[in-house]
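query-v3.cif follows; it contains mmCIF, C-alpha atoms.
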data_work
#
loop_
_atom_site.label_atom_id
_atom_site.label_comp_id
_atom_site.auth_asym_id
_atom_site.auth_seq_id
_atom_site.Cartn_x
_atom_site.Cartn_y
_atom_site.Cartn_z
CA MET A 706 348.28 91.31 -75.40
CA ASN A 707 345.85 93.65 -77.16
CA GLU A 708 344.66 90.75 -79.27
CA PRO A 709 341.27 91.18 -80.88
CA VAL A 710 338.61 88.69 -79.85
CA ARG A 711 334.92 88.18 -80.32
CA ILE A 712 332.70 86.76 -77.60
CA LYS A 713 330.80 83.74 -78.87
CA TYR A 714 327.24 84.36 -79.80
CA ALA A 715 325.77 81.48 -77.84
CA HIS A 716 322.96 81.42 -75.30
CA PRO A 717 323.14 78.27 -73.22
CA PRO A 718 320.83 77.95 -70.21
CA GLY A 719 322.08 77.83 -66.66
CA HIS A 720 325.09 79.42 -65.05
CA VAL A 721 327.16 81.36 -67.54
CA ARG A 722 329.77 83.99 -66.75
CA ALA A 723 329.79 85.76 -70.10
CA PRO A 724 327.22 88.52 -69.62
CA TYR A 725 324.41 88.60 -72.16
CA PHE A 726 325.23 92.11 -73.32
CA LEU A 727 328.74 91.00 -74.41
CA ARG A 728 327.76 88.02 -76.54
CA GLY A 729 328.81 88.35 -80.14
CA LYS A 730 330.72 91.56 -79.40
CA ARG A 731 334.29 92.39 -80.39
CA GLY A 732 336.89 93.51 -77.91
CA ILE A 733 340.59 93.35 -77.18
CA VAL A 734 342.32 91.20 -74.61
CA ILE A 735 344.21 93.45 -72.23
CA THR A 736 345.38 90.97 -69.56
CA ASN A 737 345.88 87.25 -69.30
CA LEU A 738 344.91 86.33 -65.75
CA GLY A 739 346.19 82.79 -66.24
CA PRO A 740 344.59 79.41 -65.59
CA ARG A 741 341.60 79.53 -63.28
CA ILE A 742 338.88 77.20 -62.05
CA ASP A 743 336.06 77.38 -64.59
CA ALA A 744 333.19 78.96 -62.69
CA GLU A 745 330.62 77.47 -65.04
CA ARG A 746 331.76 73.94 -64.11
CA SER A 747 332.36 74.65 -60.44
CA ALA A 748 328.82 75.99 -60.13
CA TYR A 749 327.57 72.47 -60.85
CA ARG A 750 330.15 70.74 -58.63
CA GLN A 751 332.03 69.46 -61.67
CA THR A 752 335.77 69.17 -61.55
CA ALA A 753 337.56 70.11 -64.74
CA PRO A 754 340.99 71.33 -65.87
CA LYS A 755 341.57 75.02 -65.30
CA ILE A 756 341.08 77.32 -68.25
CA ASP A 757 342.64 80.66 -69.02
CA LEU A 758 340.81 83.75 -67.86
CA TYR A 759 341.28 87.08 -69.64
CA ARG A 760 340.32 90.69 -69.11
CA VAL A 761 338.71 91.92 -72.31
CA ARG A 762 337.94 95.54 -73.14
CA PHE A 763 334.97 96.66 -75.24
CA SER A 764 334.13 100.13 -76.49
CA MET A 765 330.69 101.53 -75.73
CA ALA A 766 330.29 102.10 -79.48
CA GLU A 767 330.75 98.37 -80.07
CA LEU A 768 328.29 97.46 -77.34
CA TRP A 769 325.53 100.00 -77.82
CA GLY A 770 326.01 101.58 -81.25
CA ASP A 771 324.32 104.95 -81.54
CA GLN A 772 322.83 104.54 -78.05
CA ALA A 773 326.30 104.94 -76.53
CA GLU A 774 326.67 108.08 -74.41
CA HIS A 775 330.29 108.43 -75.31
CA PRO A 776 331.58 105.97 -77.91
CA PHE A 777 335.13 105.70 -76.56
CA ASP A 778 334.17 104.89 -72.98
CA THR A 779 334.80 101.21 -72.29
CA VAL A 780 333.63 98.17 -70.40
CA ASP A 781 336.18 95.62 -69.16
CA ALA A 782 335.07 92.13 -68.18
CA GLU A 783 336.76 88.87 -67.19
CA ILE A 784 336.00 86.22 -69.79
CA TYR A 785 337.01 82.55 -69.83
CA ASP A 786 338.89 81.24 -72.85
CA ASN A 787 336.06 78.96 -73.94
CA TRP A 788 333.91 82.01 -74.67
CA LEU A 789 336.51 83.66 -76.92
CA GLU A 790 336.98 83.51 -80.68
CA TRP A 791 340.49 84.78 -81.41
CA GLU A 792 340.36 86.81 -84.57
CA ASN A 793 344.06 86.59 -85.40
CA ARG A 794 344.54 82.91 -84.80
CA ALA A 795 344.46 80.48 -87.72
CA SER A 796 341.84 78.19 -86.23
CA PRO A 797 339.65 78.28 -83.13
CA LEU A 798 341.04 76.67 -79.97
CA GLY A 799 339.05 74.08 -78.07
CA GLU A 800 335.29 74.06 -78.36
CA MET B 1439 321.29 92.15 -66.49
CA GLY B 1440 323.72 94.67 -67.96
CA GLY B 1441 322.14 97.04 -70.41
CA LEU B 1442 318.53 96.38 -69.49
CA ASP B 1443 316.26 99.29 -68.72
CA ALA B 1444 315.92 100.24 -65.09
CA GLY B 1445 314.93 103.23 -63.02
CA PRO B 1446 317.11 105.74 -61.20
CA VAL B 1447 319.78 104.55 -58.78
CA VAL B 1448 318.54 105.17 -55.25
CA PRO B 1449 321.62 105.63 -53.07
CA GLU B 1450 320.10 103.90 -50.07
CA ASP B 1451 321.81 101.85 -47.46
CA HIS B 1452 320.46 99.95 -44.48
CA ASP B 1453 321.91 98.53 -41.31
CA TYR B 1454 322.15 94.80 -41.62
CA ALA B 1455 319.81 92.84 -39.37
CA LEU B 1456 321.30 90.17 -37.16
CA TRP B 1457 319.70 87.37 -39.14
CA GLU B 1458 321.22 88.77 -42.34
CA LYS B 1459 324.68 88.85 -40.79
CA ARG B 1460 324.17 85.26 -39.74
CA VAL B 1461 323.24 84.25 -43.29
CA ASP B 1462 326.38 85.95 -44.49
CA ALA B 1463 328.47 84.16 -41.86
CA LEU B 1464 326.97 80.75 -42.70
CA MET B 1465 327.81 81.36 -46.33
CA VAL B 1466 331.41 82.27 -45.52
CA ILE B 1467 331.88 79.34 -43.15
CA ALA B 1468 330.20 76.65 -45.26
CA SER B 1469 331.97 77.69 -48.44
CA GLY B 1470 335.22 77.89 -46.47
CA ARG B 1471 334.63 74.28 -45.40
CA GLY B 1472 334.42 73.32 -49.08
CA LEU B 1473 330.72 72.42 -48.92
CA PHE B 1474 330.01 74.64 -51.92
CA THR B 1475 331.67 77.28 -54.04
CA VAL B 1476 330.77 80.90 -54.62
CA ASP B 1477 329.86 79.80 -58.14
CA GLY B 1478 327.38 77.27 -56.74
CA LEU B 1479 325.92 80.01 -54.57
CA ARG B 1480 325.44 82.23 -57.61
CA ARG B 1481 324.03 79.41 -59.73
CA CYS B 1482 321.34 78.61 -57.16
CA ILE B 1483 320.38 82.27 -56.83
CA GLU B 1484 319.98 82.45 -60.61
CA ASP B 1485 317.91 79.27 -60.54
CA LEU B 1486 315.42 80.99 -58.22
CA GLY B 1487 314.32 82.80 -61.36
CA ALA B 1488 313.75 86.42 -62.28
CA THR B 1489 310.70 86.90 -60.07
CA ALA B 1490 312.83 86.21 -57.00
CA TYR B 1491 314.28 89.68 -57.49
CA GLU B 1492 310.82 91.12 -56.95
CA THR B 1493 309.52 88.84 -54.23
CA MET B 1494 312.59 88.09 -52.11
CA SER B 1495 315.12 90.30 -50.38
CA TYR B 1496 318.86 89.93 -50.94
CA TYR B 1497 319.52 87.75 -47.91
CA GLU B 1498 316.34 85.75 -48.45
CA ARG B 1499 317.78 84.78 -51.84
CA TRP B 1500 321.10 83.99 -50.19
CA ILE B 1501 319.68 81.72 -47.49
CA ALA B 1502 317.59 79.94 -50.13
CA SER B 1503 320.76 79.38 -52.15
CA VAL B 1504 322.87 78.34 -49.14
CA ASN B 1505 320.15 75.82 -48.32
CA GLN B 1506 320.06 74.38 -51.83
CA ASN B 1507 323.83 74.06 -51.84
CA LEU B 1508 323.92 72.35 -48.45
CA LEU B 1509 321.23 69.89 -49.54
CA GLU B 1510 323.26 69.07 -52.64
CA ALA B 1511 326.31 68.61 -50.46
CA GLY B 1512 324.35 66.15 -48.33
CA VAL B 1513 324.87 68.01 -45.07
CA TYR B 1514 321.23 67.45 -44.06
CA SER B 1515 318.05 66.23 -45.68
CA THR B 1516 314.94 68.16 -46.64
CA SER B 1517 313.03 66.23 -44.02
CA GLU B 1518 315.51 67.12 -41.27
CA LEU B 1519 315.27 70.74 -42.29
CA GLY B 1520 311.47 70.64 -42.36
CA ALA B 1521 311.32 69.09 -38.90
CA ARG B 1522 313.67 71.68 -37.48
CA MET B 1523 311.79 74.57 -39.12
CA ALA B 1524 308.56 73.30 -37.51
CA ASP B 1525 310.31 73.22 -34.12
CA VAL B 1526 311.64 76.75 -34.61
CA ALA B 1527 308.22 78.13 -35.52
CA ALA B 1528 306.70 76.57 -32.41
CA ARG B 1529 309.01 78.53 -30.11
CA GLY B 1530 307.16 81.82 -30.46
CA GLU B 1531 306.16 84.70 -32.67
CA THR B 1532 309.22 86.75 -33.42
CA TYR B 1533 312.76 86.19 -34.58
CA GLY B 1534 313.97 87.03 -31.09
CA ASP B 1535 311.65 84.40 -29.55
CA CYS B 1536 312.62 81.71 -32.01
CA THR B 1537 316.32 82.18 -32.28
CA GLY B 1538 316.74 79.47 -29.71
CA PRO B 1539 318.79 78.51 -26.67
CA GLY B 1540 322.56 78.27 -26.72
CA ASN B 1541 322.69 81.14 -29.17
CA GLU B 1542 326.13 82.66 -28.88
CA MET C 156 329.44 88.80 -26.34
CA PRO C 157 326.11 87.65 -27.81
CA HIS C 158 324.93 90.05 -30.45
CA ASP C 159 321.36 90.05 -29.25
CA GLU C 160 322.31 91.61 -25.94
CA ILE C 161 324.00 94.70 -27.31
CA ILE C 162 320.95 96.98 -27.58
CA HIS C 163 318.06 97.23 -25.13
CA SER C 164 314.78 98.40 -26.63
CA PRO C 165 311.96 99.94 -24.63
CA ALA C 166 309.99 96.71 -25.06
CA GLY C 167 312.24 95.02 -22.52
CA ILE C 168 312.92 91.35 -22.25
CA SER C 169 311.40 88.63 -24.41
CA ALA C 170 309.86 85.40 -23.20
CA SER C 171 313.14 83.63 -23.83
CA GLY C 172 314.92 85.98 -21.46
CA HIS C 173 316.88 87.88 -24.07
CA PRO C 174 316.55 91.64 -24.48
CA TYR C 175 314.95 92.63 -27.76
CA ARG C 176 316.78 94.26 -30.61
CA GLU C 177 314.51 96.22 -32.90
CA ASP C 178 315.07 93.94 -35.86
CA GLN C 179 314.10 90.93 -33.78
CA ASP C 180 310.62 92.19 -32.82
CA ALA C 181 308.94 91.47 -36.11
CA PRO C 182 307.05 88.26 -36.80
CA LEU C 183 309.33 85.42 -37.83
CA THR C 184 309.48 85.05 -41.60
CA TYR C 185 309.87 81.78 -43.48
CA TRP C 186 313.41 82.64 -44.50
CA GLN C 187 314.45 83.73 -41.02
CA ASN C 188 313.08 80.41 -39.79
CA MET C 189 315.22 78.67 -42.37
CA GLU C 190 318.31 80.56 -41.23
CA ILE C 191 317.78 79.53 -37.60
CA ALA C 192 317.13 75.91 -38.59
CA ILE C 193 320.16 75.70 -40.87
CA ARG C 194 322.41 77.35 -38.31
CA GLU C 195 321.35 74.87 -35.64
CA LEU C 196 321.72 71.87 -37.96
CA LEU C 197 325.20 72.98 -38.98
CA VAL C 198 326.23 73.25 -35.33
CA GLU C 199 324.72 69.87 -34.45
CA LYS C 200 326.45 68.23 -37.38
CA ASN C 201 329.77 69.77 -36.32
CA VAL C 202 330.17 71.86 -39.43
CA THR C 203 330.58 74.95 -37.26
CA THR C 204 330.10 76.32 -33.74
CA PRO C 205 328.23 79.29 -32.28
CA GLN C 206 331.60 80.82 -31.43
CA GLU C 207 332.79 80.55 -35.01
CA ILE C 208 329.59 82.12 -36.29
CA SER C 209 329.98 85.06 -33.91
CA ALA C 210 333.64 85.45 -34.77
CA THR C 211 332.81 85.46 -38.49
CA ILE C 212 330.17 88.15 -37.96
CA ASP C 213 332.63 90.20 -35.91
CA ALA C 214 335.34 89.86 -38.55
CA MET C 215 332.98 91.14 -41.24
CA ASP C 216 331.79 93.98 -38.97
CA ALA C 217 335.41 94.97 -38.40
CA ARG C 218 335.99 95.53 -42.10
CA SER C 219 335.05 98.90 -43.43
CA PRO C 220 335.87 101.34 -46.21
CA ALA C 221 338.32 102.95 -43.78
CA ASP C 222 340.68 100.06 -44.53
CA GLY C 223 340.53 100.72 -48.25
CA ALA C 224 340.98 104.44 -47.59
CA ARG C 225 344.25 103.72 -45.84
CA VAL C 226 345.47 101.74 -48.83
CA VAL C 227 344.59 104.64 -51.13
CA ALA C 228 346.26 107.20 -48.86
CA ARG C 229 349.45 105.18 -48.81
CA ALA C 230 349.40 104.93 -52.59
CA TRP C 231 349.07 108.71 -52.76
CA VAL C 232 352.15 109.37 -50.62
CA ASP C 233 354.40 106.45 -51.55
CA ALA C 234 355.12 105.93 -55.25
CA ASP C 235 356.79 102.55 -54.74
CA PHE C 236 353.79 101.27 -52.76
CA ARG C 237 351.51 102.60 -55.47
CA ALA C 238 353.46 100.61 -58.07
CA ARG C 239 353.21 97.46 -55.95
CA LEU C 240 349.50 98.05 -55.43
CA LEU C 241 348.91 98.35 -59.15
CA ALA C 242 350.98 95.24 -59.83
CA ASP C 243 349.34 93.07 -57.14
CA GLY C 244 346.48 94.56 -55.18
CA SER C 245 346.16 91.68 -52.72
CA ALA C 246 349.84 91.59 -51.83
CA ALA C 247 349.82 95.33 -51.17
CA CYS C 248 346.86 95.00 -48.78
CA ARG C 249 348.58 92.17 -46.92
CA GLU C 250 351.70 94.32 -46.69
CA MET C 251 349.55 96.71 -44.65
CA SER C 252 348.45 93.76 -42.48
CA PHE C 253 344.82 93.69 -43.59
CA ASP C 254 343.23 90.25 -43.19
CA ILE C 255 341.76 89.96 -46.66
CA GLY C 256 341.58 86.16 -46.87
CA ALA C 257 341.39 84.87 -50.44
CA LEU C 258 340.53 88.25 -51.99
CA LYS C 259 342.07 88.69 -55.45
CA LEU C 260 342.25 92.45 -55.80
CA ILE C 261 343.04 94.63 -58.80
CA ALA C 262 343.58 98.33 -58.11
CA LEU C 263 342.47 100.75 -60.83
CA GLU C 264 344.19 104.10 -60.99
CA ASN C 265 342.15 107.19 -61.85
CA THR C 266 344.01 109.86 -63.83
CA PRO C 267 342.90 113.17 -65.28
CA ASP C 268 342.19 111.26 -68.51
CA ILE C 269 340.64 108.07 -67.11
CA HIS C 270 337.86 107.55 -64.57
CA ASN C 271 337.20 103.98 -63.43
CA VAL C 272 333.94 102.62 -62.03
CA VAL C 273 333.19 99.09 -60.76
CA VAL C 274 330.09 96.92 -61.02
CA CYS C 275 329.04 93.28 -60.96
CA THR C 276 326.26 92.86 -63.51
CA LEU C 277 325.88 89.13 -62.88
CA CYS C 278 325.42 89.29 -59.11
CA SER C 279 327.00 91.66 -56.57
CA CYS C 280 330.69 90.82 -56.33
CA TYR C 281 332.54 93.40 -54.29
CA PRO C 282 335.93 93.54 -52.52
CA ARG C 283 334.17 92.87 -49.21
CA ASN C 284 337.19 91.41 -47.50
CA LEU C 285 338.81 94.83 -47.71
CA LEU C 286 335.91 97.29 -47.73
CA GLY C 287 333.23 95.41 -45.77
CA LEU C 288 329.74 94.70 -47.10
CA PRO C 289 328.57 96.62 -50.19
CA PRO C 290 325.88 99.32 -50.14
CA ASP C 291 322.34 98.33 -51.14
CA TRP C 292 322.37 100.33 -54.36
CA TYR C 293 325.42 98.46 -55.65
CA LYS C 294 323.50 95.18 -55.39
CA GLN C 295 320.32 96.43 -57.00
CA ARG C 296 319.10 96.21 -60.53
CA ALA C 297 319.17 99.91 -61.41
CA TYR C 298 322.91 100.30 -60.91
CA ARG C 299 323.91 96.93 -62.33
CA ALA C 300 321.78 97.28 -65.46
CA ARG C 301 322.57 100.89 -66.28
CA VAL C 302 326.18 101.60 -65.38
CA VAL C 303 327.54 99.40 -68.19
CA LYS C 304 325.44 101.26 -70.76
CA THR C 305 325.10 104.83 -69.49
CA PRO C 306 327.79 105.27 -66.83
CA ARG C 307 327.82 109.05 -67.15
CA ALA C 308 324.08 109.27 -66.48
CA VAL C 309 324.49 107.01 -63.45
CA LEU C 310 327.45 109.01 -62.15
CA GLY C 311 325.35 112.12 -62.67
CA GLU C 312 322.74 110.66 -60.29
CA PHE C 313 325.52 110.46 -57.72
CA GLY C 314 326.35 114.09 -58.40
CA LEU C 315 329.49 113.37 -60.43
CA LYS C 316 329.94 114.99 -63.80
CA LEU C 317 333.01 114.19 -65.88
CA PRO C 318 334.36 116.14 -68.86
CA ALA C 319 334.13 114.66 -72.33
CA THR C 320 337.93 114.56 -72.42
CA THR C 321 337.97 111.98 -69.58
CA GLN C 322 337.40 108.39 -70.62
CA VAL C 323 335.07 106.37 -68.38
CA ARG C 324 336.12 102.76 -67.92
CA VAL C 325 333.53 100.44 -66.40
CA HIS C 326 334.83 97.21 -64.86
CA ASP C 327 332.43 94.29 -64.62
CA SER C 328 333.56 91.79 -61.97
CA THR C 329 332.45 88.74 -63.90
CA ALA C 330 334.83 86.17 -62.45
CA GLU C 331 337.38 85.92 -59.65
CA MET C 332 338.94 89.34 -59.47
CA ARG C 333 337.63 92.17 -57.33
CA TYR C 334 338.31 95.80 -58.01
CA ILE C 335 339.09 98.95 -56.07
CA VAL C 336 339.42 102.38 -57.62
CA ILE C 337 342.28 104.64 -56.51
CA PRO C 338 340.68 108.08 -56.80
CA LEU C 339 342.70 111.11 -57.81
CA ARG C 340 344.43 112.86 -54.94
CA PRO C 341 342.69 116.19 -54.40
CA HIS C 342 344.55 119.44 -54.93
CA GLY C 343 345.83 121.32 -51.89
CA THR C 344 346.68 118.18 -49.90
CA GLY C 345 350.46 118.30 -50.20
CA GLU C 346 350.99 118.95 -46.48
CA MET C 347 348.59 116.28 -45.21
CA ASN C 348 349.72 113.07 -43.58
CA GLU C 349 348.41 109.60 -44.45
CA THR C 350 345.76 109.62 -41.73
CA GLU C 351 344.40 112.98 -42.86
CA LEU C 352 344.46 111.86 -46.47
CA ALA C 353 342.59 108.63 -45.68
CA ASP C 354 339.74 110.76 -44.26
CA LEU C 355 339.20 112.22 -47.73
CA VAL C 356 338.63 108.81 -49.33
CA SER C 357 334.98 107.68 -49.27
CA ARG C 358 333.63 104.23 -50.02
CA ASP C 359 331.88 105.63 -53.07
CA SER C 360 335.14 107.01 -54.45
CA MET C 361 336.66 103.53 -54.26
CA ILE C 362 333.72 102.10 -56.22
CA GLY C 363 334.06 104.95 -58.69
CA VAL C 364 330.76 106.79 -58.30
CA ALA C 365 332.43 109.69 -56.50
CA VAL C 366 335.76 111.45 -56.31
CA ALA C 367 337.81 111.96 -53.16
CA ARG C 368 336.71 114.84 -50.92
CA GLN C 369 338.36 118.21 -50.97
CA PRO C 370 339.98 119.14 -47.63
#

Starting from the coordinates I provided, produce the structure as structure tokens.
Amino acid sequence: MNEPVRIKYAHPPGHVRAPYFLRGKRGIVITNLGPRIDAERSAYRQTAPKIDLYRVRFSMAELWGDQAEHPFDTVDAEIYDNWLEWENRASPLGE
Amino acid sequence: MGGLDAGPVVPEDHDYALWEKRVDALMVIASGRGLFTVDGLRRCIEDLGATAYETMSYYERWIASVNQNLLEAGVYSTSELGARMADVAARGETYGDCTGPGNE
Amino acid sequence: MPHDEIIHSPAGISASGHPYREDQDAPLTYWQNMEIAIRELLVEKNVTTPQEISATIDAMDARSPADGARVVARAWVDADFRARLLADGSAACREMSFDIGALKLIALENTPDIHNVVVCTLCSCYPRNLLGLPPDWYKQRAYRARVVKTPRAVLGEFGLKLPATTQVRVHDSTAEMRYIVIPLRPHGTGEMNETELADLVSRDSMIGVAVARQP
């Protein structure tokens, strides 16, 4: 773990589980929670293969720049694989 | 809504009204029956739009979402719901009057 | 026992023969009407029964932060349980015979260097199957918007001030997992038993906006 990732900078309409304030931000993956039902599909009654869900940690400095109270405080969030760009992998996976 | 401006946190709490507990129970039961998922519940609350946060209370948004989900699941039709809501309103003035017979 | 017969108000008995509860005296709203109609349709269509609805309400009423407090107290006194709780929060709760259903729980350990706080910015996810229903403020915009950006200011509004040497970790429950904070065990509690220790653990300390009480 501790792999660096960036949340995709995309803004689709509808039900999305990557919070707006994390889009385009860099973090590190701290836990692989394994394959899970994709909430964004399930919300629309679609069945789909499970996708991996990760806990990703972001520093307040990364998220808020000089507005951060304390730059080394962190936010952890659960992010589905299809929202991640893996910085150390040769090519992007999936979409 | 993370990171948006907002006022001070008001550490309030309220006792849940009976109707709110019933909404909660219907949500638990219907989702437990597989009629919708928690994700579907959230999606329909989001689809109510941002003004719903100003004009509707928490459990008003939930019952609106439970309803939308149950309609999509085909459990009842809009017209059945409308007919029943008219019947309910005709029973009296207050929630206590209208909550109906056979209420366990 | 029907819930609407628990409390008798001075107004007496309604036209339908049921005693009033205060929250049932107000004019019927559109959404309350919808709740009654949906509940009746679900019973008529055999999706559920009045008994199941009552039992579900009772089960939720029976859950309270006291359950979470007992989990925390056990983690304070039993290092092996604490390790199991940190490895698999749900399994540890079931070990203590709590009926948590499908709750997927992650326990977050506070240390002198790390203070954890939990939020759901997207909606209001909360470990309700262990702690009961969340407080109003947790579900409202002010907390959800601000705690991921200025957690120390928000904690300050709850009366909690943390030193700069402590890292604040905010956990946003964006998907399936639910979170409970294990607050630091207060000093001077070495002689206390689990029951006494559980009394020191407030709901707010398990969300992360407070610390455990001093004895």

Which of these residues is nearest to chain C, using only C-alpha atoms: B:Met1465, B:Val1476, B:Met1523, B:Ala1528?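 Once distances to chain C are computed over only C-alpha atoms, the minimum belongs to B:Met1523.
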
Show me, as a list in words, the residues that have an atom within 8 Å of stretch 211-215 of chain C when counting only C-alpha atoms, minus same-chain residues fewer than 2 positions from it.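 With the cut-off at 8 Å, the set is Lys1459, Arg1460, Asp1462, Ala1463, Val1466 and Ile1467 of chain B; Glu207, Ile208, Ser209, Ala217, Arg218, Asn284, Gly287 and Leu288 of chain C.
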
Which residues come within 7 Å of A:Ile756, counting all atoms listed in the file, excluding same-chain residues fewer than 5 positions away, as a list in words?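 Skipping anything fewer than 5 positions along the chain leaves Pro740, Arg741, Ile742, Asp743, Tyr785 and Asp786 of chain A.
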
Would you write out those residues with C-alpha atoms, as a PDB file, in the coordinates of the input?
ATOM      1  CA  PRO A 740     344.590  79.410 -65.590  1.00  0.00           C
ATOM      2  CA  ARG A 741     341.600  79.530 -63.280  1.00  0.00           C
ATOM      3  CA  ILE A 742     338.880  77.200 -62.050  1.00  0.00           C
ATOM      4  CA  ASP A 743     336.060  77.380 -64.590  1.00  0.00           C
ATOM      5  CA  TYR A 785     337.010  82.550 -69.830  1.00  0.00           C
ATOM      6  CA  ASP A 786     338.890  81.240 -72.850  1.00  0.00           C
TER       7      ASP A 786
END

Report the residues retrieved by the PyMOL selection byres ((chain B and resi 1451-1457) around 7) from the displayed file, expressed as JSON, numbers by chain. {"B": [1449, 1450, 1458, 1459, 1460, 1461], "C": [178, 187, 290, 291]}

When the PyMOL selection byres ((chain B and resi 1530) around 12) is applied to the structure above, which residues does it catch, written out as an MDAnalysis selection string? (chainID B and resid 1524:1529 1531:1538) or (chainID C and resid 169:171 179:184 188)

Since I can't run it myself right now, could you work out what the PyMOL selection byres ((chain A) within 12 of (chain B)) selects here and report it as a ChimeraX atom specification? /A:718-728,742-752,765,768-769,772-773,780,782

Just checking: using all atoms listed in the file, which residue out of A:Ile733, A:Ala766, A:Leu789, A:Ala753 ends up closest to chain C?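 Nearest to chain C: A:Ala766.
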
Shell around C:Val309 at 12 Å using all atoms listed in the file, local window under 2 positions removed, as a ChimeraX atom specification: /A:774 /B:1444-1449 /C:272,274,292-293,297-307,311-317,323,325,363-365

Within 6 Å of chain A, which residues belong to chain C? Use all atoms listed in the file and report them as a VMD selection string. chain C and resid 322 to 327 329 to 330

File dump, residues just selected, C-alpha atoms, as a CSV table (one decimal), in the frame of the given file:
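Output (result-v8.csv):
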chain,number,residue,atom,x,y,z
C,322,GLN,CA,337.4,108.4,-70.6
C,323,VAL,CA,335.1,106.4,-68.4
C,324,ARG,CA,336.1,102.8,-67.9
C,325,VAL,CA,333.5,100.4,-66.4
C,326,HIS,CA,334.8,97.2,-64.9
C,327,ASP,CA,332.4,94.3,-64.6
C,329,THR,CA,332.4,88.7,-63.9
C,330,ALA,CA,334.8,86.2,-62.4

May I have the residues within 10 Å of C:Leu240 as JSON, numbers by chain, using all atoms listed in the file and disregarding those fewer than 3 positions away in the same chain? {"C": [226, 227, 229, 230, 234, 235, 236, 237, 243, 244, 245, 246, 247, 248, 250, 260, 261, 262, 263, 264, 337]}

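Proximity ranking of C:Val232, C:Ala308, C:Val273, C:Ala242 relative to chain B places C:Ala308 first, based on only C-alpha atoms.
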
Which residue gives the smallest distance to chain C among B:Ser1517, B:Arg1522, B:Trp1500, B:Leu1509, with only C-alpha atoms counted?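 Counting only C-alpha atoms, the residue closest to chain C is B:Arg1522.
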
Find the residue from B:Thr1516, B:Glu1492, B:Gly1470, B:Leu1464 that sits nearest to chain C; use all atoms listed in the file when measuring.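 That would be B:Leu1464, the residue with the smallest distance to chain C.
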
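Distances to chain B were evaluated for C:Arg249, C:Arg225, C:His270, C:Lys294 using all atoms listed in the file, and the minimum falls at C:Lys294.
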
Straight-line distance linking atom CA of C:Glu351 with atom CA of C:Asp233, stated in Å to one decimal: 14.8 Å
